[in-house]
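For reference, model_15.cif is printed below; it contains mmCIF, N, CA and C atoms and all ligand atoms.
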```cif
data_entry
loop_
_atom_site.label_atom_id
_atom_site.label_comp_id
_atom_site.auth_asym_id
_atom_site.auth_seq_id
_atom_site.Cartn_x
_atom_site.Cartn_y
_atom_site.Cartn_z
N MET A 8 0.82 -1.20 0.00
CA MET A 8 0.00 0.00 0.00
C MET A 8 0.86 1.26 0.00
N ARG A 9 1.85 1.27 0.87
CA ARG A 9 2.75 2.42 0.91
C ARG A 9 3.52 2.59 -0.39
N ASN A 10 3.96 1.42 -0.91
CA ASN A 10 4.71 1.46 -2.17
C ASN A 10 3.93 2.11 -3.29
N ARG A 11 2.66 1.77 -3.35
CA ARG A 11 1.85 2.36 -4.42
C ARG A 11 1.79 3.88 -4.30
N LEU A 12 1.65 4.27 -3.07
CA LEU A 12 1.55 5.72 -2.85
C LEU A 12 2.84 6.40 -3.30
N LEU A 13 3.94 5.71 -2.95
CA LEU A 13 5.24 6.25 -3.31
C LEU A 13 5.39 6.33 -4.82
N ILE A 14 5.02 5.24 -5.49
CA ILE A 14 5.13 5.23 -6.95
C ILE A 14 4.24 6.31 -7.55
N GLY A 15 3.07 6.43 -6.97
CA GLY A 15 2.15 7.48 -7.44
C GLY A 15 2.79 8.84 -7.34
N CYS A 16 3.39 9.08 -6.21
CA CYS A 16 4.04 10.36 -6.01
C CYS A 16 5.17 10.58 -7.01
N LEU A 17 5.96 9.52 -7.21
CA LEU A 17 7.09 9.64 -8.14
C LEU A 17 6.60 9.93 -9.55
N LEU A 18 5.54 9.22 -9.94
CA LEU A 18 4.99 9.44 -11.28
C LEU A 18 4.52 10.87 -11.44
N PHE A 19 3.83 11.29 -10.43
CA PHE A 19 3.32 12.65 -10.47
C PHE A 19 4.47 13.65 -10.61
N ALA A 20 5.51 13.40 -9.81
CA ALA A 20 6.65 14.31 -9.82
C ALA A 20 7.34 14.33 -11.19
N THR A 21 7.51 13.13 -11.78
CA THR A 21 8.20 13.13 -13.08
C THR A 21 7.35 13.82 -14.15
N PHE A 22 6.04 13.56 -14.11
CA PHE A 22 5.19 14.24 -15.09
C PHE A 22 5.23 15.75 -14.89
N TYR A 23 5.22 16.09 -13.64
CA TYR A 23 5.23 17.52 -13.32
C TYR A 23 6.49 18.17 -13.86
N LEU A 24 7.61 17.51 -13.60
CA LEU A 24 8.89 18.05 -14.07
C LEU A 24 8.97 18.08 -15.59
N LEU A 25 8.48 16.98 -16.21
CA LEU A 25 8.54 16.91 -17.66
C LEU A 25 7.70 18.00 -18.31
N SER A 26 6.55 18.23 -17.70
CA SER A 26 5.62 19.17 -18.34
C SER A 26 6.13 20.61 -18.32
N CYS A 27 7.00 20.93 -17.37
CA CYS A 27 7.49 22.32 -17.43
C CYS A 27 8.95 22.38 -17.83
N ASP A 28 9.41 21.31 -18.44
CA ASP A 28 10.79 21.24 -18.83
C ASP A 28 11.16 22.24 -19.91
N HIS A 29 10.22 22.53 -20.79
CA HIS A 29 10.57 23.34 -21.97
C HIS A 29 10.58 24.83 -21.70
N LYS A 30 9.90 25.23 -20.68
CA LYS A 30 9.69 26.67 -20.54
C LYS A 30 10.92 27.54 -20.25
N PRO A 31 11.80 27.14 -19.33
CA PRO A 31 12.86 28.09 -18.94
C PRO A 31 13.72 28.60 -20.08
N GLU A 32 13.90 27.80 -21.14
CA GLU A 32 14.77 28.21 -22.24
C GLU A 32 14.39 29.56 -22.83
N GLN A 33 13.10 29.76 -23.00
CA GLN A 33 12.67 31.00 -23.68
C GLN A 33 12.99 32.22 -22.84
N LYS A 34 13.02 32.01 -21.54
CA LYS A 34 13.14 33.19 -20.68
C LYS A 34 14.54 33.78 -20.64
N ASN A 35 15.55 32.97 -20.91
CA ASN A 35 16.92 33.46 -20.78
C ASN A 35 17.39 34.32 -21.93
N THR A 36 16.59 34.42 -22.97
CA THR A 36 17.09 35.04 -24.19
C THR A 36 17.52 36.49 -24.00
N ARG A 37 16.79 37.26 -23.26
CA ARG A 37 17.18 38.67 -23.11
C ARG A 37 16.98 39.17 -21.71
N LYS A 38 18.00 39.80 -21.20
CA LYS A 38 17.82 40.48 -19.93
C LYS A 38 17.57 41.94 -20.26
N THR A 39 16.42 42.40 -20.02
CA THR A 39 16.17 43.78 -20.39
C THR A 39 16.16 44.67 -19.16
N ILE A 40 15.04 45.29 -18.97
CA ILE A 40 14.94 46.36 -17.99
C ILE A 40 15.10 45.88 -16.54
N ASP A 41 14.86 44.59 -16.29
CA ASP A 41 14.82 44.16 -14.89
C ASP A 41 16.15 44.16 -14.17
N TYR A 42 17.26 44.42 -14.88
CA TYR A 42 18.52 44.48 -14.15
C TYR A 42 18.74 45.86 -13.53
N ILE A 43 17.85 46.78 -13.83
CA ILE A 43 18.04 48.14 -13.31
C ILE A 43 17.40 48.27 -11.95
N LYS A 44 18.21 48.71 -11.01
CA LYS A 44 17.65 49.00 -9.69
C LYS A 44 17.38 50.48 -9.61
N GLU A 45 16.14 50.80 -9.46
CA GLU A 45 15.81 52.21 -9.40
C GLU A 45 16.22 52.77 -8.04
N ILE A 46 16.88 53.89 -8.04
CA ILE A 46 17.26 54.53 -6.79
C ILE A 46 16.14 55.48 -6.40
N PRO A 47 15.60 55.31 -5.22
CA PRO A 47 14.50 56.18 -4.83
C PRO A 47 14.97 57.60 -4.57
N GLY A 48 14.14 58.57 -4.85
CA GLY A 48 14.52 59.95 -4.61
C GLY A 48 13.51 60.90 -5.22
N ILE A 49 13.68 62.16 -4.91
CA ILE A 49 12.76 63.17 -5.41
C ILE A 49 13.14 63.55 -6.83
N ASN A 50 12.14 63.70 -7.69
CA ASN A 50 12.41 64.14 -9.05
C ASN A 50 12.05 65.61 -9.22
N ASP A 51 13.05 66.41 -9.56
CA ASP A 51 12.78 67.81 -9.87
C ASP A 51 12.46 67.91 -11.36
N SER A 52 11.81 69.00 -11.71
CA SER A 52 11.60 69.20 -13.15
C SER A 52 12.81 69.94 -13.71
N ILE A 53 13.11 69.66 -14.97
CA ILE A 53 14.26 70.31 -15.59
C ILE A 53 13.74 71.30 -16.63
N PRO A 54 14.24 72.52 -16.62
CA PRO A 54 13.78 73.50 -17.60
C PRO A 54 14.04 73.03 -19.03
N ALA A 55 13.10 73.32 -19.92
CA ALA A 55 13.19 72.84 -21.30
C ALA A 55 14.44 73.34 -22.02
N ASP A 56 14.86 74.58 -21.70
CA ASP A 56 16.04 75.08 -22.43
C ASP A 56 17.31 74.32 -22.04
N VAL A 57 17.35 73.83 -20.80
CA VAL A 57 18.51 73.04 -20.38
C VAL A 57 18.55 71.70 -21.12
N THR A 58 17.42 71.03 -21.20
CA THR A 58 17.42 69.74 -21.90
C THR A 58 17.72 69.93 -23.38
N GLU A 59 17.21 71.01 -23.95
CA GLU A 59 17.48 71.28 -25.37
C GLU A 59 18.98 71.44 -25.61
N LYS A 60 19.62 72.24 -24.74
CA LYS A 60 21.06 72.46 -24.87
C LYS A 60 21.82 71.15 -24.67
N GLY A 61 21.39 70.39 -23.67
CA GLY A 61 22.04 69.10 -23.40
C GLY A 61 21.96 68.18 -24.60
N LYS A 62 20.81 68.18 -25.23
CA LYS A 62 20.59 67.33 -26.40
C LYS A 62 21.57 67.69 -27.52
N VAL A 63 21.71 68.99 -27.75
CA VAL A 63 22.62 69.46 -28.80
C VAL A 63 24.07 69.12 -28.45
N LEU A 64 24.44 69.37 -27.19
CA LEU A 64 25.80 69.07 -26.75
C LEU A 64 26.13 67.60 -26.96
N ILE A 65 25.17 66.75 -26.62
CA ILE A 65 25.39 65.31 -26.78
C ILE A 65 25.54 64.94 -28.25
N ALA A 66 24.70 65.57 -29.07
CA ALA A 66 24.76 65.28 -30.50
C ALA A 66 26.12 65.64 -31.10
N TYR A 67 26.73 66.71 -30.56
CA TYR A 67 28.02 67.13 -31.10
C TYR A 67 29.19 66.48 -30.39
N SER A 68 28.94 65.68 -29.37
CA SER A 68 30.03 65.01 -28.67
C SER A 68 30.13 63.57 -29.16
N ASP A 69 30.91 62.76 -28.46
CA ASP A 69 31.10 61.38 -28.92
C ASP A 69 30.19 60.38 -28.22
N CYS A 70 29.25 60.90 -27.43
CA CYS A 70 28.43 60.03 -26.59
C CYS A 70 27.75 58.89 -27.38
N TYR A 71 27.25 59.24 -28.57
CA TYR A 71 26.48 58.24 -29.31
C TYR A 71 27.34 57.14 -29.92
N THR A 72 28.67 57.27 -29.81
CA THR A 72 29.48 56.14 -30.27
C THR A 72 29.36 54.98 -29.28
N CYS A 73 29.03 55.28 -28.04
CA CYS A 73 28.91 54.20 -27.06
C CYS A 73 27.51 54.06 -26.46
N HIS A 74 26.68 55.06 -26.62
CA HIS A 74 25.35 55.00 -26.03
C HIS A 74 24.28 55.09 -27.10
N LYS A 75 23.17 54.41 -26.84
CA LYS A 75 21.98 54.59 -27.65
C LYS A 75 20.87 55.03 -26.74
N GLU A 76 19.83 55.59 -27.33
CA GLU A 76 18.77 56.08 -26.47
C GLU A 76 18.04 54.96 -25.75
N ASP A 77 17.58 53.96 -26.48
CA ASP A 77 16.80 52.95 -25.76
C ASP A 77 17.32 51.53 -25.91
N GLN A 78 18.61 51.40 -26.22
CA GLN A 78 19.17 50.06 -26.27
C GLN A 78 20.55 50.08 -25.66
N ARG A 79 20.92 48.99 -25.02
CA ARG A 79 22.28 48.99 -24.52
C ARG A 79 23.24 48.78 -25.68
N SER A 80 24.37 49.43 -25.59
CA SER A 80 25.37 49.29 -26.64
C SER A 80 26.69 49.07 -25.92
N VAL A 81 27.73 49.85 -26.18
CA VAL A 81 28.95 49.71 -25.37
C VAL A 81 28.64 50.12 -23.93
N GLY A 82 27.86 51.18 -23.81
CA GLY A 82 27.41 51.64 -22.49
C GLY A 82 25.91 51.43 -22.35
N PRO A 83 25.39 51.69 -21.17
CA PRO A 83 23.95 51.51 -20.95
C PRO A 83 23.11 52.48 -21.78
N ALA A 84 21.87 52.09 -22.07
CA ALA A 84 20.95 52.96 -22.80
C ALA A 84 20.66 54.21 -21.97
N PHE A 85 20.53 55.34 -22.62
CA PHE A 85 20.22 56.57 -21.89
C PHE A 85 18.92 56.43 -21.11
N LYS A 86 17.97 55.72 -21.70
CA LYS A 86 16.69 55.55 -20.99
C LYS A 86 16.85 54.70 -19.73
N ASP A 87 17.78 53.77 -19.77
CA ASP A 87 18.04 52.95 -18.58
C ASP A 87 18.71 53.79 -17.50
N ILE A 88 19.60 54.66 -17.92
CA ILE A 88 20.25 55.55 -16.95
C ILE A 88 19.19 56.45 -16.31
N ALA A 89 18.30 56.96 -17.16
CA ALA A 89 17.23 57.82 -16.65
C ALA A 89 16.34 57.06 -15.67
N LYS A 90 16.17 55.79 -15.96
CA LYS A 90 15.31 54.99 -15.11
C LYS A 90 15.93 54.79 -13.72
N ARG A 91 17.24 54.72 -13.70
CA ARG A 91 17.91 54.38 -12.47
C ARG A 91 18.03 55.55 -11.49
N TYR A 92 18.34 56.73 -12.02
CA TYR A 92 18.65 57.84 -11.11
C TYR A 92 17.50 58.83 -10.97
N PRO A 93 17.30 59.32 -9.77
CA PRO A 93 16.33 60.39 -9.58
C PRO A 93 16.85 61.67 -10.26
N VAL A 94 15.92 62.49 -10.72
CA VAL A 94 16.33 63.73 -11.37
C VAL A 94 16.47 64.82 -10.34
N ASN A 95 17.65 65.00 -9.79
CA ASN A 95 17.86 66.17 -8.95
C ASN A 95 19.34 66.52 -8.91
N LYS A 96 19.60 67.67 -8.32
CA LYS A 96 20.92 68.28 -8.37
C LYS A 96 22.05 67.31 -7.98
N VAL A 97 21.83 66.58 -6.89
CA VAL A 97 22.87 65.71 -6.38
C VAL A 97 23.30 64.69 -7.44
N TYR A 98 22.32 64.04 -8.05
CA TYR A 98 22.65 63.01 -9.03
C TYR A 98 23.16 63.61 -10.33
N ILE A 99 22.60 64.75 -10.71
CA ILE A 99 23.07 65.40 -11.94
C ILE A 99 24.55 65.76 -11.80
N GLU A 100 24.91 66.30 -10.63
CA GLU A 100 26.32 66.68 -10.44
C GLU A 100 27.22 65.45 -10.36
N MET A 101 26.74 64.42 -9.69
CA MET A 101 27.53 63.20 -9.55
C MET A 101 27.78 62.57 -10.94
N LEU A 102 26.73 62.52 -11.74
CA LEU A 102 26.88 61.90 -13.06
C LEU A 102 27.71 62.78 -14.01
N ALA A 103 27.55 64.09 -13.89
CA ALA A 103 28.34 65.00 -14.72
C ALA A 103 29.83 64.80 -14.43
N GLN A 104 30.13 64.65 -13.15
CA GLN A 104 31.49 64.39 -12.73
C GLN A 104 32.01 63.11 -13.39
N LYS A 105 31.14 62.11 -13.41
CA LYS A 105 31.54 60.82 -13.99
C LYS A 105 31.80 60.90 -15.47
N VAL A 106 30.98 61.73 -16.16
CA VAL A 106 31.18 61.88 -17.59
C VAL A 106 32.55 62.51 -17.84
N ILE A 107 32.93 63.45 -17.00
CA ILE A 107 34.21 64.14 -17.18
C ILE A 107 35.39 63.24 -16.83
N ILE A 108 35.32 62.59 -15.67
CA ILE A 108 36.49 61.79 -15.27
C ILE A 108 36.44 60.34 -15.77
N GLY A 109 35.31 59.95 -16.34
CA GLY A 109 35.17 58.58 -16.82
C GLY A 109 34.56 57.73 -15.73
N GLY A 110 33.91 56.65 -16.12
CA GLY A 110 33.22 55.86 -15.10
C GLY A 110 33.40 54.38 -15.32
N SER A 111 33.24 53.65 -14.24
CA SER A 111 33.18 52.19 -14.35
C SER A 111 32.51 51.63 -13.12
N ARG A 112 32.18 50.34 -13.21
CA ARG A 112 31.64 49.60 -12.06
C ARG A 112 30.19 49.86 -11.70
N SER A 113 29.52 50.87 -12.24
CA SER A 113 28.13 51.05 -11.85
C SER A 113 27.21 50.10 -12.59
N TRP A 114 27.59 49.73 -13.79
CA TRP A 114 26.68 48.97 -14.62
C TRP A 114 27.22 47.61 -15.02
N GLY A 115 28.42 47.31 -14.59
CA GLY A 115 29.01 46.05 -15.00
C GLY A 115 29.41 46.04 -16.46
N TYR A 116 29.61 47.24 -17.02
CA TYR A 116 30.11 47.33 -18.38
C TYR A 116 31.61 47.60 -18.29
N PRO A 117 32.25 47.67 -19.46
CA PRO A 117 33.64 48.15 -19.39
C PRO A 117 33.65 49.61 -18.93
N VAL A 118 34.66 50.34 -19.23
CA VAL A 118 34.74 51.70 -18.70
C VAL A 118 34.24 52.73 -19.69
N MET A 119 33.79 53.84 -19.16
CA MET A 119 33.47 54.98 -20.00
C MET A 119 34.71 55.86 -20.07
N ALA A 120 35.06 56.22 -21.29
CA ALA A 120 36.23 57.08 -21.47
C ALA A 120 35.99 58.43 -20.80
N PRO A 121 37.03 59.03 -20.24
CA PRO A 121 36.86 60.36 -19.64
C PRO A 121 36.69 61.43 -20.72
N HIS A 122 36.08 62.54 -20.34
CA HIS A 122 35.91 63.67 -21.26
C HIS A 122 36.46 64.92 -20.59
N PRO A 123 37.77 64.99 -20.48
CA PRO A 123 38.38 66.06 -19.68
C PRO A 123 38.16 67.46 -20.25
N LYS A 124 37.87 67.56 -21.55
CA LYS A 124 37.69 68.89 -22.14
C LYS A 124 36.31 69.46 -21.88
N LEU A 125 35.43 68.59 -21.42
CA LEU A 125 34.06 69.03 -21.18
C LEU A 125 33.99 69.89 -19.92
N SER A 126 33.24 70.98 -19.99
CA SER A 126 33.09 71.78 -18.76
C SER A 126 32.02 71.14 -17.88
N PHE A 127 32.11 71.45 -16.60
CA PHE A 127 31.15 70.88 -15.66
C PHE A 127 29.73 71.32 -16.03
N GLU A 128 29.58 72.58 -16.44
CA GLU A 128 28.26 73.11 -16.83
C GLU A 128 27.68 72.33 -18.01
N ASP A 129 28.51 72.11 -19.03
CA ASP A 129 28.04 71.37 -20.20
C ASP A 129 27.68 69.93 -19.83
N ALA A 130 28.53 69.33 -19.01
CA ALA A 130 28.27 67.95 -18.62
C ALA A 130 26.95 67.84 -17.85
N LYS A 131 26.68 68.84 -17.03
CA LYS A 131 25.43 68.81 -16.27
C LYS A 131 24.22 68.92 -17.19
N MET A 132 24.36 69.75 -18.24
CA MET A 132 23.24 69.86 -19.18
C MET A 132 23.02 68.56 -19.95
N MET A 133 24.13 67.91 -20.29
CA MET A 133 24.01 66.62 -20.98
C MET A 133 23.29 65.60 -20.10
N VAL A 134 23.73 65.55 -18.85
CA VAL A 134 23.12 64.59 -17.93
C VAL A 134 21.65 64.94 -17.70
N SER A 135 21.34 66.22 -17.63
CA SER A 135 19.95 66.62 -17.45
C SER A 135 19.09 66.12 -18.61
N TYR A 136 19.67 66.23 -19.81
CA TYR A 136 18.93 65.74 -20.97
C TYR A 136 18.71 64.22 -20.87
N ILE A 137 19.77 63.51 -20.46
CA ILE A 137 19.65 62.05 -20.33
C ILE A 137 18.57 61.70 -19.30
N LEU A 138 18.64 62.34 -18.15
CA LEU A 138 17.68 62.01 -17.09
C LEU A 138 16.25 62.45 -17.44
N SER A 139 16.14 63.45 -18.32
CA SER A 139 14.79 63.90 -18.70
C SER A 139 14.04 62.83 -19.49
N MET A 140 14.75 61.82 -19.96
CA MET A 140 14.08 60.74 -20.69
C MET A 140 13.20 59.89 -19.78
N LYS A 141 13.36 60.07 -18.49
CA LYS A 141 12.51 59.38 -17.52
C LYS A 141 11.06 59.83 -17.67
N MET A 142 10.92 61.13 -17.99
CA MET A 142 9.56 61.69 -17.95
C MET A 142 8.85 61.64 -19.31
C1 LIG B 1 33.99 54.92 -24.87
C2 LIG B 1 32.57 54.70 -24.76
C3 LIG B 1 31.75 55.79 -24.10
C4 LIG B 1 31.60 57.10 -24.48
C5 LIG B 1 32.29 57.83 -25.63
C6 LIG B 1 30.63 57.69 -23.57
N1 LIG B 1 30.23 56.76 -22.66
FE1 LIG B 1 28.95 57.10 -21.11
N2 LIG B 1 29.25 55.18 -20.46
C7 LIG B 1 30.04 54.24 -21.09
C8 LIG B 1 30.07 53.04 -20.28
C9 LIG B 1 30.81 51.76 -20.63
C10 LIG B 1 29.27 53.31 -19.14
C11 LIG B 1 29.02 52.40 -17.95
C12 LIG B 1 30.10 52.59 -16.95
C13 LIG B 1 29.83 51.86 -15.68
O1 LIG B 1 29.55 50.64 -15.71
O2 LIG B 1 29.91 52.51 -14.64
C14 LIG B 1 28.77 54.67 -19.29
C15 LIG B 1 27.96 55.30 -18.36
C16 LIG B 1 27.43 56.57 -18.51
C17 LIG B 1 26.57 57.22 -17.57
C18 LIG B 1 26.07 56.61 -16.25
C19 LIG B 1 27.18 56.63 -15.23
C20 LIG B 1 26.79 55.94 -13.95
O3 LIG B 1 27.62 55.93 -13.06
O4 LIG B 1 25.67 55.44 -13.82
C21 LIG B 1 26.27 58.47 -18.05
C22 LIG B 1 25.40 59.53 -17.42
C23 LIG B 1 26.98 58.59 -19.32
N3 LIG B 1 27.67 57.42 -19.57
C24 LIG B 1 26.95 59.71 -20.12
C25 LIG B 1 27.76 59.89 -21.23
C26 LIG B 1 27.85 61.15 -21.96
C27 LIG B 1 27.05 62.40 -21.68
C28 LIG B 1 28.77 60.95 -22.95
C29 LIG B 1 29.28 61.96 -23.97
C30 LIG B 1 29.94 63.14 -23.45
C31 LIG B 1 29.26 59.57 -22.82
N4 LIG B 1 28.62 58.97 -21.77
C32 LIG B 1 30.22 59.01 -23.64
C33 LIG B 1 30.71 54.39 -22.29
C34 LIG B 1 30.86 55.59 -22.95
#
```

Reformat the file's structure so that it appears as structure tokens.
Amino acid sequence: MRNRLLIGCLLFATFYLLSCDHKPEQKNTRKTIDYIKEIPGINDSIPADVTEKGKVLIAYSDCYTCHKEDQRSVGPAFKDIAKRYPVNKVYIEMLAQKVIIGGSRSWGYPVMAPHPKLSFEDAKMMVSYILSMKM
């Protein structure tokens, strides 16, 4: 009697395992947005003229050789960066600093080349434009 129960359980278990055997493969194909940990914080609004200037500055710089707006490339997508950081002075300054001195280790990518010729003001406008993609 016990044996039957055991066999029953085993059968059930093997069928159960077999029936969901195929599914996990499809899920591994792409890691998208879920690797981003959003940092909580207050979002300030950014004046439109600042984002406009940032957009132009980025277009004339080398940023797009490593970044794309909504896809990861050599560096993270701008939209992913926007997703991660709150839009406020502290983060804008921190990221602007990183653009100038170069960055690594935040995203598990290789390194971002430094941009020593960039002024802090310009870098802040660029970052403001990037973070404005959140909204
Ligand atoms: C040589 C390739 C390269 C270029 C050129 C480049 N980036 Fe990056 N960028 C990266 C990589 C790689 C990372 C991720 C670094 C990391 O993991 O911390 C990154 C990260 C960033 C981040 C997020 C930093 C953080 O700590 O979260 C910002 C903001 C950024 N880049 C802005 C810019 C801007 C603005 C420009 C143009 C002035 C630019 N990048 C040019 C490769 C590049």

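Using all atoms listed in the file, the smallest distance between any of A:Arg79, A:Asn10, A:Lys44, A:Ile99 and Ser135 (chain A) comes from A:Ile99.
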
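Minimum atom-to-atom distance to Ile137 (chain A), evaluated using all atoms listed in the file, belongs to A:Lys86 out of A:Lys86, A:Ile107, A:Leu102, A:Pro123.
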
Q) Could you pull out the alpha helix (DSSP H) residues of region 20-140 of chain A from DSSP and send them as an MDAnalysis selection string? A) chainID A and resid 20:26 30:34 55:67 85:91 96:108 127:138

Show me which residues line ligand LIG 1 (chain B), defined as having an atom within 6 Å of a ligand atom where only N, CA and C atoms and all ligand atoms count, and present them as a short mmCIF file (atom, residue, chain, number, x, y, z; two decimals) with N, CA and C atoms, keeping the file's coordinate frame.
```
data_model
loop_
_atom_site.label_atom_id
_atom_site.label_comp_id
_atom_site.auth_asym_id
_atom_site.auth_seq_id
_atom_site.Cartn_x
_atom_site.Cartn_y
_atom_site.Cartn_z
N ILE A 65 25.17 66.75 -26.62
CA ILE A 65 25.39 65.31 -26.78
C ILE A 65 25.54 64.94 -28.25
N SER A 68 28.94 65.68 -29.37
CA SER A 68 30.03 65.01 -28.67
C SER A 68 30.13 63.57 -29.16
N ASP A 69 30.91 62.76 -28.46
CA ASP A 69 31.10 61.38 -28.92
C ASP A 69 30.19 60.38 -28.22
N CYS A 70 29.25 60.90 -27.43
CA CYS A 70 28.43 60.03 -26.59
C CYS A 70 27.75 58.89 -27.38
N TYR A 71 27.25 59.24 -28.57
CA TYR A 71 26.48 58.24 -29.31
C TYR A 71 27.34 57.14 -29.92
N THR A 72 28.67 57.27 -29.81
CA THR A 72 29.48 56.14 -30.27
C THR A 72 29.36 54.98 -29.28
N CYS A 73 29.03 55.28 -28.04
CA CYS A 73 28.91 54.20 -27.06
C CYS A 73 27.51 54.06 -26.46
N HIS A 74 26.68 55.06 -26.62
CA HIS A 74 25.35 55.00 -26.03
C HIS A 74 24.28 55.09 -27.10
N VAL A 81 27.73 49.85 -26.18
CA VAL A 81 28.95 49.71 -25.37
C VAL A 81 28.64 50.12 -23.93
N GLY A 82 27.86 51.18 -23.81
CA GLY A 82 27.41 51.64 -22.49
C GLY A 82 25.91 51.43 -22.35
N PRO A 83 25.39 51.69 -21.17
CA PRO A 83 23.95 51.51 -20.95
C PRO A 83 23.11 52.48 -21.78
N ILE A 88 19.60 54.66 -17.92
CA ILE A 88 20.25 55.55 -16.95
C ILE A 88 19.19 56.45 -16.31
N LEU A 102 26.73 62.52 -11.74
CA LEU A 102 26.88 61.90 -13.06
C LEU A 102 27.71 62.78 -14.01
N VAL A 106 30.98 61.73 -16.16
CA VAL A 106 31.18 61.88 -17.59
C VAL A 106 32.55 62.51 -17.84
N GLY A 110 33.91 56.65 -16.12
CA GLY A 110 33.22 55.86 -15.10
C GLY A 110 33.40 54.38 -15.32
N SER A 111 33.24 53.65 -14.24
CA SER A 111 33.18 52.19 -14.35
C SER A 111 32.51 51.63 -13.12
N ARG A 112 32.18 50.34 -13.21
CA ARG A 112 31.64 49.60 -12.06
C ARG A 112 30.19 49.86 -11.70
N SER A 113 29.52 50.87 -12.24
CA SER A 113 28.13 51.05 -11.85
C SER A 113 27.21 50.10 -12.59
N TRP A 114 27.59 49.73 -13.79
CA TRP A 114 26.68 48.97 -14.62
C TRP A 114 27.22 47.61 -15.02
N GLY A 115 28.42 47.31 -14.59
CA GLY A 115 29.01 46.05 -15.00
C GLY A 115 29.41 46.04 -16.46
N TYR A 116 29.61 47.24 -17.02
CA TYR A 116 30.11 47.33 -18.38
C TYR A 116 31.61 47.60 -18.29
N PRO A 117 32.25 47.67 -19.46
CA PRO A 117 33.64 48.15 -19.39
C PRO A 117 33.65 49.61 -18.93
N VAL A 118 34.66 50.34 -19.23
CA VAL A 118 34.74 51.70 -18.70
C VAL A 118 34.24 52.73 -19.69
N MET A 119 33.79 53.84 -19.16
CA MET A 119 33.47 54.98 -20.00
C MET A 119 34.71 55.86 -20.07
N ALA A 120 35.06 56.22 -21.29
CA ALA A 120 36.23 57.08 -21.47
C ALA A 120 35.99 58.43 -20.80
N MET A 133 24.13 67.91 -20.29
CA MET A 133 24.01 66.62 -20.98
C MET A 133 23.29 65.60 -20.10
N VAL A 134 23.73 65.55 -18.85
CA VAL A 134 23.12 64.59 -17.93
C VAL A 134 21.65 64.94 -17.70
#
```

(Q) Here is a test: counting only C-alpha atoms, which residue of A:Ile53, A:Arg11, A:Gly61, A:Val94 is nearest to Lys131 (chain A)? (A) A:Gly61

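From CA of Phe85 (chain A) back to CA of Val57 (chain A), the distance works out to 16.6 Å.
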
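Between CA of Val97 (chain A) and atom C of Lys124 (chain A) the separation is 20.9 Å.
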
Q: Quick one: pull the distance between atom N of Tyr98 (chain A) and atom N of Ser126 (chain A), Å, one decimal.
A: 17.6 Å

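Taking all atoms listed in the file into account, Val63 (chain A) lies nearest to A:Met132 out of the set A:Leu12, A:Met132, A:Met140, A:Ala84.
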